[in-house]
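This is upload.pdb (PDB, C-alpha atoms and all ligand atoms).
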ATOM      1  CA  MET A   1      85.662 238.880 135.614
ATOM      2  CA  ALA A   2      82.943 240.412 133.434
ATOM      3  CA  SER A   3      81.120 238.047 131.126
ATOM      4  CA  SER A   4      81.337 238.717 127.401
ATOM      5  CA  PRO A   5      79.350 241.783 126.286
ATOM      6  CA  GLU A   6      78.146 240.056 123.099
ATOM      7  CA  PRO A   7      75.141 237.736 123.363
ATOM      8  CA  ILE A   8      76.327 234.154 123.380
ATOM      9  CA  GLU A   9      74.305 231.011 122.795
ATOM     10  CA  PRO A  10      74.480 228.594 125.748
ATOM     11  CA  SER A  11      76.044 225.158 125.194
ATOM     12  CA  THR A  12      74.043 223.063 127.617
ATOM     13  CA  PRO A  13      73.670 219.282 127.814
ATOM     14  CA  SER A  14      70.056 218.106 127.493
ATOM     15  CA  GLU A  15      70.527 216.187 130.766
ATOM     16  CA  GLY A  16      73.167 216.404 133.453
ATOM     17  CA  VAL A  17      75.978 218.936 133.528
ATOM     18  CA  ALA A  18      79.195 219.695 131.662
ATOM     19  CA  VAL A  19      82.445 218.860 133.443
ATOM     20  CA  VAL A  20      86.061 219.878 133.027
ATOM     21  CA  HIS A  21      89.085 218.766 135.003
ATOM     22  CA  LEU A  22      91.890 221.332 134.770
ATOM     23  CA  PHE A  23      95.399 220.379 135.893
ATOM     24  CA  VAL A  24      97.706 223.346 136.412
ATOM     25  CA  LYS A  25     101.155 224.304 137.574
ATOM     26  CA  VAL A  26     101.856 227.454 139.494
ATOM     27  CA  GLY A  27     104.354 229.949 138.125
ATOM     28  CA  PRO A  28     106.157 233.082 139.319
ATOM     29  CA  LEU A  29     103.276 235.224 138.043
ATOM     30  CA  THR A  30     100.433 233.257 139.667
ATOM     31  CA  GLU A  31      98.191 235.693 141.538
ATOM     32  CA  ARG A  32      96.494 234.268 144.605
ATOM     33  CA  GLU A  33      93.612 236.758 144.669
ATOM     34  CA  ALA A  34      92.914 236.331 140.958
ATOM     35  CA  VAL A  35      92.707 232.522 141.330
ATOM     36  CA  LEU A  36      90.358 232.849 144.314
ATOM     37  CA  THR A  37      88.209 235.341 142.379
ATOM     38  CA  ALA A  38      88.026 232.991 139.374
ATOM     39  CA  ILE A  39      86.612 230.261 141.632
ATOM     40  CA  LYS A  40      84.242 232.621 143.465
ATOM     41  CA  ASP A  41      82.930 233.961 140.140
ATOM     42  CA  ALA A  42      82.246 230.400 138.959
ATOM     43  CA  GLU A  43      80.365 229.633 142.173
ATOM     44  CA  ALA A  44      78.394 232.867 141.798
ATOM     45  CA  ARG A  45      77.314 231.598 138.346
ATOM     46  CA  GLY A  46      75.901 228.511 140.108
ATOM     47  CA  ASP A  47      78.767 226.208 139.145
ATOM     48  CA  GLN A  48      80.691 223.804 141.379
ATOM     49  CA  VAL A  49      84.469 223.856 141.605
ATOM     50  CA  VAL A  50      86.395 221.196 143.525
ATOM     51  CA  THR A  51      89.988 222.202 144.268
ATOM     52  CA  ALA A  52      92.757 219.728 145.069
ATOM     53  CA  ALA A  53      96.456 220.166 145.812
ATOM     54  CA  MET A  54      98.274 217.512 143.819
ATOM     55  CA  LEU A  55     101.249 215.271 144.546
ATOM     56  CA  GLY A  56     104.070 214.606 142.125
ATOM     57  CA  HIS A  57     105.390 216.286 139.014
ATOM     58  CA  LYS A  58     102.290 216.136 136.816
ATOM     59  CA  ALA A  59     100.455 219.115 138.336
ATOM     60  CA  ASP A  60     100.358 221.372 141.393
ATOM     61  CA  LEU A  61      96.611 221.893 141.499
ATOM     62  CA  ALA A  62      93.512 220.299 140.010
ATOM     63  CA  PHE A  63      90.137 221.948 139.533
ATOM     64  CA  MET A  64      87.104 219.808 138.762
ATOM     65  CA  ALA A  65      84.340 222.128 137.597
ATOM     66  CA  LEU A  66      80.706 221.287 136.867
ATOM     67  CA  ALA A  67      78.324 223.676 135.112
ATOM     68  CA  ALA A  68      75.062 223.646 133.203
ATOM     69  CA  ASP A  69      76.666 225.627 130.361
ATOM     70  CA  GLN A  70      80.041 224.802 128.785
ATOM     71  CA  TRP A  71      80.637 228.554 128.390
ATOM     72  CA  HIS A  72      80.865 228.786 132.187
ATOM     73  CA  LEU A  73      83.668 226.228 132.130
ATOM     74  CA  ARG A  74      85.418 228.220 129.406
ATOM     75  CA  ARG A  75      85.166 231.378 131.543
ATOM     76  CA  LEU A  76      86.677 229.612 134.536
ATOM     77  CA  GLN A  77      89.520 228.264 132.395
ATOM     78  CA  THR A  78      90.179 231.722 130.936
ATOM     79  CA  ALA A  79      90.211 233.346 134.382
ATOM     80  CA  LEU A  80      92.547 230.719 135.875
ATOM     81  CA  VAL A  81      95.021 231.067 133.005
ATOM     82  CA  GLN A  82      94.809 234.855 133.270
ATOM     83  CA  ALA A  83      95.592 234.470 136.970
ATOM     84  CA  GLY A  84      98.984 233.084 135.960
ATOM     85  CA  LEU A  85      98.365 229.335 136.203
ATOM     86  CA  GLU A  86      99.855 227.114 133.507
ATOM     87  CA  LEU A  87      97.394 224.543 132.181
ATOM     88  CA  VAL A  88      99.336 221.276 131.799
ATOM     89  CA  ASP A  89      96.505 218.780 131.262
ATOM     90  CA  SER A  90      92.730 218.676 131.160
ATOM     91  CA  TYR A  91      89.775 216.376 130.698
ATOM     92  CA  VAL A  92      86.377 217.243 129.208
ATOM     93  CA  SER A  93      83.289 215.152 130.009
ATOM     94  CA  LEU A  94      79.594 215.186 130.897
ATOM     95  CA  THR A  95      77.742 213.650 133.826
ATOM     96  CA  GLU A  96      75.622 210.656 132.814
ATOM     97  CA  THR A  97      73.639 207.749 134.125
ATOM     98  CA  SER A  98      75.108 204.406 133.117
ATOM     99  CA  GLU A  99      73.114 202.445 130.546
ATOM    100  CA  TYR A 100      73.403 199.523 132.975
ATOM    101  CA  ALA A 101      71.831 201.429 135.859
ATOM    102  CA  GLN A 102      68.588 202.503 134.195
ATOM    103  CA  GLY A 103      66.554 200.502 136.732
ATOM    104  CA  VAL A 104      67.814 202.441 139.754
ATOM    105  CA  PRO A 105      65.487 204.839 141.606
ATOM    106  CA  ASP A 106      65.164 208.340 140.154
ATOM    107  CA  GLU A 107      66.881 209.808 143.199
ATOM    108  CA  MET A 108      70.052 207.814 142.395
ATOM    109  CA  LYS A 109      69.919 208.898 138.755
ATOM    110  CA  GLN A 110      69.663 212.534 139.803
ATOM    111  CA  ALA A 111      72.644 212.069 142.124
ATOM    112  CA  ARG A 112      74.674 210.778 139.142
ATOM    113  CA  LEU A 113      73.541 213.618 136.848
ATOM    114  CA  HIS A 114      73.847 216.375 139.450
ATOM    115  CA  PRO A 115      76.439 215.286 142.018
ATOM    116  CA  VAL A 116      77.085 217.587 144.960
ATOM    117  CA  LEU A 117      80.851 217.763 145.360
ATOM    118  CA  PRO A 118      83.148 217.320 147.120
ATOM    119  CA  PRO A 119      81.720 214.666 149.478
ATOM    120  CA  GLU A 120      82.433 215.315 153.154
ATOM    121  CA  GLY A 121      85.294 213.513 154.876
ATOM    122  CA  LYS A 122      86.866 212.116 151.679
ATOM    123  CA  PRO A 123      89.951 214.252 151.036
ATOM    124  CA  ALA A 124      91.996 211.665 149.083
ATOM    125  CA  PHE A 125      91.446 212.642 145.437
ATOM    126  CA  CYS A 126      92.230 210.572 142.352
ATOM    127  CA  PHE A 127      91.421 211.120 138.686
ATOM    128  CA  TYR A 128      92.122 208.958 135.658
ATOM    129  CA  PRO A 129      90.502 208.441 132.308
ATOM    130  CA  MET A 130      89.577 204.991 131.030
ATOM    131  CA  SER A 131      88.106 203.200 128.042
ATOM    132  CA  LYS A 132      86.786 199.756 127.309
ATOM    133  CA  LYS A 133      88.884 197.781 124.798
ATOM    134  CA  ARG A 134      88.003 197.222 121.183
ATOM    135  CA  ASP A 135      90.672 194.578 120.479
ATOM    136  CA  VAL A 136      90.194 191.456 118.399
ATOM    137  CA  GLY A 137      89.139 188.827 120.966
ATOM    138  CA  ALA A 138      88.473 191.473 123.649
ATOM    139  CA  ASN A 139      85.948 193.907 122.262
ATOM    140  CA  TRP A 140      83.550 195.273 124.866
ATOM    141  CA  PHE A 141      81.371 196.851 122.201
ATOM    142  CA  THR A 142      80.672 193.596 120.383
ATOM    143  CA  LEU A 143      79.500 191.839 123.586
ATOM    144  CA  PRO A 144      75.733 191.384 123.824
ATOM    145  CA  TYR A 145      74.048 193.901 126.135
ATOM    146  CA  ASP A 146      73.073 191.265 128.724
ATOM    147  CA  GLU A 147      76.659 190.103 129.049
ATOM    148  CA  ARG A 148      77.907 193.691 129.533
ATOM    149  CA  LYS A 149      75.173 194.274 132.071
ATOM    150  CA  GLU A 150      76.205 191.185 134.025
ATOM    151  CA  LEU A 151      79.834 192.325 134.046
ATOM    152  CA  MET A 152      78.788 195.770 135.261
ATOM    153  CA  TYR A 153      76.754 194.136 138.047
ATOM    154  CA  GLU A 154      79.893 192.309 139.126
ATOM    155  CA  HIS A 155      81.682 195.694 139.010
ATOM    156  CA  GLY A 156      78.955 197.395 141.084
ATOM    157  CA  ALA A 157      79.025 194.590 143.655
ATOM    158  CA  SER A 158      82.786 194.786 144.111
ATOM    159  CA  GLY A 159      82.478 198.589 144.287
ATOM    160  CA  ARG A 160      79.901 198.390 147.062
ATOM    161  CA  GLN A 161      82.496 196.758 149.346
ATOM    162  CA  PHE A 162      83.943 200.269 149.495
ATOM    163  CA  ALA A 163      80.714 201.980 150.553
ATOM    164  CA  GLY A 164      81.524 204.872 152.883
ATOM    165  CA  ARG A 165      85.231 204.807 151.974
ATOM    166  CA  VAL A 166      85.066 205.647 148.257
ATOM    167  CA  GLN A 167      82.778 207.828 146.189
ATOM    168  CA  GLN A 168      83.162 207.353 142.440
ATOM    169  CA  VAL A 169      82.072 210.064 140.022
ATOM    170  CA  VAL A 170      82.146 208.506 136.562
ATOM    171  CA  THR A 171      81.608 211.062 133.801
ATOM    172  CA  GLY A 172      81.122 210.162 130.157
ATOM    173  CA  SER A 173      83.614 211.391 127.572
ATOM    174  CA  THR A 174      82.960 209.397 124.394
ATOM    175  CA  GLY A 175      83.304 212.103 121.758
ATOM    176  CA  THR A 176      84.385 214.766 124.246
ATOM    177  CA  ASP A 177      87.903 213.570 125.094
ATOM    178  CA  ASP A 178      90.488 210.880 124.305
ATOM    179  CA  TYR A 179      89.083 208.152 126.583
ATOM    180  CA  GLU A 180      85.476 207.057 127.156
ATOM    181  CA  TRP A 181      85.089 207.946 130.845
ATOM    182  CA  GLY A 182      86.676 210.169 133.422
ATOM    183  CA  VAL A 183      86.926 208.378 136.769
ATOM    184  CA  THR A 184      87.106 210.718 139.757
ATOM    185  CA  LEU A 185      87.480 209.048 143.140
ATOM    186  CA  PHE A 186      86.998 210.741 146.506
ATOM    187  CA  CYS A 187      88.294 208.517 149.313
ATOM    188  CA  VAL A 188      88.656 208.637 153.089
ATOM    189  CA  HIS A 189      92.289 207.440 153.076
ATOM    190  CA  PRO A 190      94.912 207.365 150.323
ATOM    191  CA  ASP A 191      95.112 203.572 150.662
ATOM    192  CA  ASP A 192      91.379 203.387 149.858
ATOM    193  CA  VAL A 193      92.327 204.670 146.394
ATOM    194  CA  LYS A 194      94.885 201.898 146.015
ATOM    195  CA  ALA A 195      92.554 199.239 147.429
ATOM    196  CA  VAL A 196      89.568 200.100 145.219
ATOM    197  CA  VAL A 197      91.607 200.375 142.031
ATOM    198  CA  TYR A 198      93.432 197.110 142.816
ATOM    199  CA  THR A 199      90.177 195.306 143.626
ATOM    200  CA  MET A 200      88.576 196.491 140.386
ATOM    201  CA  ARG A 201      91.518 195.119 138.409
ATOM    202  CA  PHE A 202      90.017 191.669 139.111
ATOM    203  CA  ASP A 203      86.508 192.587 137.884
ATOM    204  CA  GLN A 204      86.114 190.998 134.459
ATOM    205  CA  ALA A 205      84.983 194.383 133.105
ATOM    206  CA  SER A 206      88.367 195.890 134.046
ATOM    207  CA  ALA A 207      90.625 192.814 133.848
ATOM    208  CA  LEU A 208      89.602 191.922 130.292
ATOM    209  CA  TYR A 209      88.365 195.221 128.899
ATOM    210  CA  GLY A 210      89.752 198.169 130.912
ATOM    211  CA  GLU A 211      92.282 200.565 129.408
ATOM    212  CA  PHE A 212      93.649 203.399 131.516
ATOM    213  CA  GLY A 213      95.190 206.821 131.025
ATOM    214  CA  PRO A 214      97.437 208.745 133.430
ATOM    215  CA  PHE A 215      96.600 208.811 137.129
ATOM    216  CA  TYR A 216      96.443 212.094 139.066
ATOM    217  CA  VAL A 217      96.479 212.022 142.855
ATOM    218  CA  GLY A 218      96.111 214.744 145.476
ATOM    219  CA  MET A 219      94.119 216.060 148.392
ATOM    220  CA  VAL A 220      90.864 218.038 148.280
ATOM    221  CA  ALA A 221      91.106 221.361 150.106
ATOM    222  CA  GLU A 222      89.527 224.781 150.269
ATOM    223  CA  PRO A 223      91.038 226.880 147.459
ATOM    224  CA  SER A 224      92.845 229.228 149.876
ATOM    225  CA  ALA A 225      94.468 226.303 151.743
ATOM    226  CA  ALA A 226      95.382 224.508 148.505
ATOM    227  CA  LEU A 227      97.037 227.685 147.172
ATOM    228  CA  SER A 228      99.040 228.159 150.382
ATOM    229  CA  GLU A 229     100.221 224.544 150.305
ATOM    230  CA  VAL A 230     101.525 224.891 146.739
ATOM    231  CA  GLY A 231     103.347 228.090 147.631
ATOM    232  CA  VAL A 232     100.987 230.739 146.223
ATOM    233  CA  LEU A 233     100.852 233.085 149.204
TER     234      LEU A 233
HETATM  235  O1  LIG B 301      75.766 203.826 139.738
HETATM  236  C1  LIG B 301      75.987 202.918 140.572
HETATM  237  O2  LIG B 301      76.516 203.063 141.687
HETATM  238  C2  LIG B 301      75.605 201.515 140.160
HETATM  239  C3  LIG B 301      76.759 200.602 140.095
HETATM  240  C4  LIG B 301      77.947 201.160 139.267
HETATM  241  C5  LIG B 301      77.964 201.499 137.905
HETATM  242  C6  LIG B 301      76.851 201.458 136.902
HETATM  243  C7  LIG B 301      79.266 201.405 139.803
HETATM  244  C8  LIG B 301      79.640 201.214 141.132
HETATM  245  N1  LIG B 301      80.071 201.840 138.776
HETATM  246  C9  LIG B 301      79.324 201.937 137.611
HETATM  247  C10 LIG B 301      79.754 202.364 136.360
HETATM  248 MN1  LIG B 301      82.101 202.196 138.877
HETATM  249  N2  LIG B 301      84.104 202.514 138.992
HETATM  250  C11 LIG B 301      84.959 202.607 137.917
HETATM  251  C12 LIG B 301      86.310 202.612 138.412
HETATM  252  O3  LIG B 301      89.943 201.228 137.793
HETATM  253  C13 LIG B 301      89.016 200.551 137.288
HETATM  254  O4  LIG B 301      89.169 199.330 137.020
HETATM  255  C14 LIG B 301      87.698 201.178 136.981
HETATM  256  C15 LIG B 301      87.536 202.597 137.521
HETATM  257  C16 LIG B 301      86.253 202.543 139.792
HETATM  258  C17 LIG B 301      87.428 202.515 140.750
HETATM  259  C18 LIG B 301      84.863 202.486 140.148
HETATM  260  C19 LIG B 301      84.372 202.393 141.452
HETATM  261  N3  LIG B 301      82.159 202.506 136.872
HETATM  262  C20 LIG B 301      81.080 202.595 136.035
HETATM  263  C21 LIG B 301      81.527 202.943 134.708
HETATM  264  C22 LIG B 301      80.636 203.244 133.512
HETATM  265  C23 LIG B 301      80.452 202.009 132.701
HETATM  266  C24 LIG B 301      79.355 202.158 131.677
HETATM  267  O5  LIG B 301      78.364 202.882 131.888
HETATM  268  O6  LIG B 301      79.484 201.481 130.661
HETATM  269  C25 LIG B 301      82.911 203.020 134.753
HETATM  270  C26 LIG B 301      83.862 203.358 133.628
HETATM  271  C27 LIG B 301      83.295 202.729 136.116
HETATM  272  C28 LIG B 301      84.601 202.699 136.576
HETATM  273  N4  LIG B 301      82.011 201.816 140.916
HETATM  274  C29 LIG B 301      80.893 201.519 141.667
HETATM  275  C30 LIG B 301      83.068 202.080 141.799
HETATM  276  C31 LIG B 301      82.566 201.918 143.140
HETATM  277  C32 LIG B 301      83.421 202.138 144.400
HETATM  278  C33 LIG B 301      81.232 201.582 143.061
HETATM  279  C34 LIG B 301      80.262 201.302 144.206
HETATM  280  C35 LIG B 301      80.009 202.537 145.022
HETATM  281  C36 LIG B 301      78.744 203.218 144.633
HETATM  282  O7  LIG B 301      77.704 202.558 144.502
HETATM  283  O8  LIG B 301      78.811 204.466 144.467
END
As structure tokens - that is how I would like this structure written.
Amino acid sequence: MASSPEPIEPSTPSEGVAVVHLFVKVGPLTEREAVLTAIKDAEARGDQVVTAAMLGHKADLAFMALAADQWHLRRLQTALVQAGLELVDSYVSLTETSEYAQGVPDEMKQARLHPVLPPEGKPAFCFYPMSKKRDVGANWFTLPYDERKELMYEHGASGRQFAGRVQQVVTGSTGTDDYEWGVTLFCVHPDDVKAVVYTMRFDQASALYGEFGPFYVGMVAEPSAALSEVGVL
């Protein structure tokens, strides 16, 4: 699709990249070639698009797109809708480095800000948004920094048990969507998703303070394979 003829001012985060998760259903008018072209055009702009075929009634396909300029994400969304896909849910966020991981080597920070997706050999895909509670008696944001940091260390340590089986991509969404983070998990097996999420339930940071939105589950695939599997031939 041609980009807009009028000059347009980029909307670019000062660090990291802009992210959108688009959850869509296929319809009778979905055009296979137009969907594939929408993704190819995004990649030609230098953006990343992860495609997953989804399970259950919530969506048929998910696209996780990462771009330096939010306008690129808008163009992808426009092209996918014009290709006959019905947008049924979405999530808008930005990559970030955690305030509790400022001491990590620069290479790790860059990997958080500019992840290369999808990781190899981890087809089990899961997305859900989450926040930390602000309840009376359980308010994450009134805890002193050192206490939060300690709880996040506990979280990191329990997460590292899943090294090689689970890759988390946590993107920040305070002010950009209804929850505070988007959690995208890429796992080797579907039961790795269940195991990591269950294990984290016992981390104090999740047990006392975690609040979760809807869960989306599917399988990462090449766009052409994902389209075939959801019946867009
Ligand atoms: O960046 C790092 O790897 C350092 C350690 C680490 C941080 C800072 C880490 C490790 N996470 C961090 C931050 Mn995580 N993570 C989640 C969920 O369902 C739930 O209860 C929570 C959802 C999972 C499953 C998960 C997995 N993590 C965060 C943050 C941001 C908090 C902030 O900045 O305030 C959130 C919301 C969050 C949520 N985490 C890991 C994992 C796993 C598997 C690891 C270890 C693997 C790895 O090092 O990549």
Taking 3 positions as the minimum chain separation for residues in the same chain, which residues sit within 7 Å of range 20-31 of chain A when counting all atoms listed in the file? Answer as a list in words.
Ala34, Val35, Ala59, Asp60, Leu61, Ala62, Phe63, Met64, Ala65, Leu66, Leu73, Ala83, Gly84, Leu85, Glu86, Leu87, Val88, Asp89, Ser90, Tyr91, Val92 and Ser93 of chain A
Please report as CSV every residue of chain A lying within 6 Å of ligand LIG 301 (chain B), along with the nearest atom pair and their distance in Å (one decimal), using only C-alpha atoms and all ligand atoms.
residue,atom,partner,partner_atom,distance
A:Ser98,CA,B:LIG301,O5,3.8
A:Glu99,CA,B:LIG301,O5,5.4
A:Tyr100,CA,B:LIG301,C6,5.6
A:Ala101,CA,B:LIG301,C6,5.1
A:Gly156,CA,B:LIG301,C8,3.9
A:Gly159,CA,B:LIG301,C33,3.5
A:Arg160,CA,B:LIG301,C34,4.1
A:Phe162,CA,B:LIG301,C32,5.5
A:Ala163,CA,B:LIG301,C35,5.6
A:Val166,CA,B:LIG301,C32,5.5
A:Gln167,CA,B:LIG301,O8,5.5
A:Gln168,CA,B:LIG301,C19,5.2
A:Val170,CA,B:LIG301,C25,5.8
A:Trp181,CA,B:LIG301,C26,5.5
A:Val183,CA,B:LIG301,C15,5.9
A:Val196,CA,B:LIG301,C17,5.5
A:Val197,CA,B:LIG301,O3,4.6
A:Met200,CA,B:LIG301,O4,4.4
A:Arg201,CA,B:LIG301,O4,5.0
A:Ser206,CA,B:LIG301,O4,4.6
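One distance worth recording is that between CA of Gly182 in chain A and CA of Pro214 in chain A, which is 10.9 Å.
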Specify as a PyMOL selection string each residue included when the PyMOL selection byres (((chain A and resi 173) around 10) and not hetatm) is applied to this file.
chain A and resi 19+91-96+129-131+170-172+174-182
So which residues fall inside 7 Å of (88.0, 212.8, 141.6) if we count only C-alpha atoms? Mind giving them as a PyMOL selection string?
chain A and resi 125-127+169+183-186
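Against this structure, the PyMOL selection byres (((chain A and resi 42-52) around 8) and not hetatm) ends up with Ala38, Ile39, Lys40, Asp41, Ala53, Met54, Leu61, Ala62, Phe63, Met64, Ala65, Leu66, Ala67, Ala68, His72, Leu76, Leu117, Pro118, Phe125, Gly218, Met219, Val220, Ala221, Glu222, Pro223 and Ala226 of chain A.
Using all atoms listed in the file, every residue with an atom at most 8 Å from the point (91.0, 199.9, 126.2) is listed here: Met130, Ser131, Lys132, Lys133, Arg134, Asp135, Tyr209, Gly210, Glu211 and Phe212 of chain A.
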Which distance in Å separates CA of Thr97 in chain A and CA of His189 in chain A, to one decimal?
26.6 Å
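You will find CA of Ala18 in chain A at 6.6 Å from CA of Asp69 in chain A.
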Range 24-39 of chain A rebuilt with N, CA and C atoms, output as an mmCIF file, keeping the file's coordinate frame:
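See rebuild_26.cif below for the written result:
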data_model
loop_
_atom_site.group_PDB
_atom_site.id
_atom_site.type_symbol
_atom_site.label_atom_id
_atom_site.label_comp_id
_atom_site.auth_asym_id
_atom_site.auth_seq_id
_atom_site.Cartn_x
_atom_site.Cartn_y
_atom_site.Cartn_z
ATOM 1 N N VAL A 24 96.873 222.159 136.631
ATOM 2 C CA VAL A 24 97.706 223.346 136.412
ATOM 3 C C VAL A 24 98.968 223.296 137.259
ATOM 4 N N LYS A 25 99.959 224.053 136.780
ATOM 5 C CA LYS A 25 101.155 224.304 137.574
ATOM 6 C C LYS A 25 101.179 225.773 137.945
ATOM 7 N N VAL A 26 101.727 226.055 139.105
ATOM 8 C CA VAL A 26 101.856 227.454 139.494
ATOM 9 C C VAL A 26 103.145 227.996 138.884
ATOM 10 N N GLY A 27 103.172 229.303 138.676
ATOM 11 C CA GLY A 27 104.354 229.949 138.125
ATOM 12 C C GLY A 27 104.676 231.193 138.920
ATOM 13 N N PRO A 28 105.759 231.879 138.565
ATOM 14 C CA PRO A 28 106.157 233.082 139.319
ATOM 15 C C PRO A 28 105.102 234.186 139.238
ATOM 16 N N LEU A 29 104.258 234.145 138.206
ATOM 17 C CA LEU A 29 103.276 235.224 138.043
ATOM 18 C C LEU A 29 101.880 234.843 138.536
ATOM 19 N N THR A 30 101.762 233.660 139.187
ATOM 20 C CA THR A 30 100.433 233.257 139.667
ATOM 21 C C THR A 30 99.957 234.217 140.760
ATOM 22 N N GLU A 31 98.753 234.720 140.582
ATOM 23 C CA GLU A 31 98.191 235.693 141.538
ATOM 24 C C GLU A 31 97.117 235.035 142.378
ATOM 25 N N ARG A 32 97.403 234.930 143.667
ATOM 26 C CA ARG A 32 96.494 234.268 144.605
ATOM 27 C C ARG A 32 95.064 234.823 144.522
ATOM 28 N N GLU A 33 94.958 236.154 144.625
ATOM 29 C CA GLU A 33 93.612 236.758 144.669
ATOM 30 C C GLU A 33 92.847 236.508 143.371
ATOM 31 N N ALA A 34 93.575 236.540 142.251
ATOM 32 C CA ALA A 34 92.914 236.331 140.958
ATOM 33 C C ALA A 34 92.404 234.889 140.826
ATOM 34 N N VAL A 35 93.164 233.924 141.370
ATOM 35 C CA VAL A 35 92.707 232.522 141.330
ATOM 36 C C VAL A 35 91.450 232.379 142.198
ATOM 37 N N LEU A 36 91.506 232.956 143.403
ATOM 38 C CA LEU A 36 90.358 232.849 144.314
ATOM 39 C C LEU A 36 89.119 233.506 143.708
ATOM 40 N N THR A 37 89.334 234.647 143.019
ATOM 41 C CA THR A 37 88.209 235.341 142.379
ATOM 42 C C THR A 37 87.632 234.505 141.240
ATOM 43 N N ALA A 38 88.501 233.839 140.475
ATOM 44 C CA ALA A 38 88.026 232.991 139.374
ATOM 45 C C ALA A 38 87.076 231.921 139.910
ATOM 46 N N ILE A 39 87.444 231.327 141.052
ATOM 47 C CA ILE A 39 86.612 230.261 141.632
ATOM 48 C C ILE A 39 85.313 230.843 142.204
#
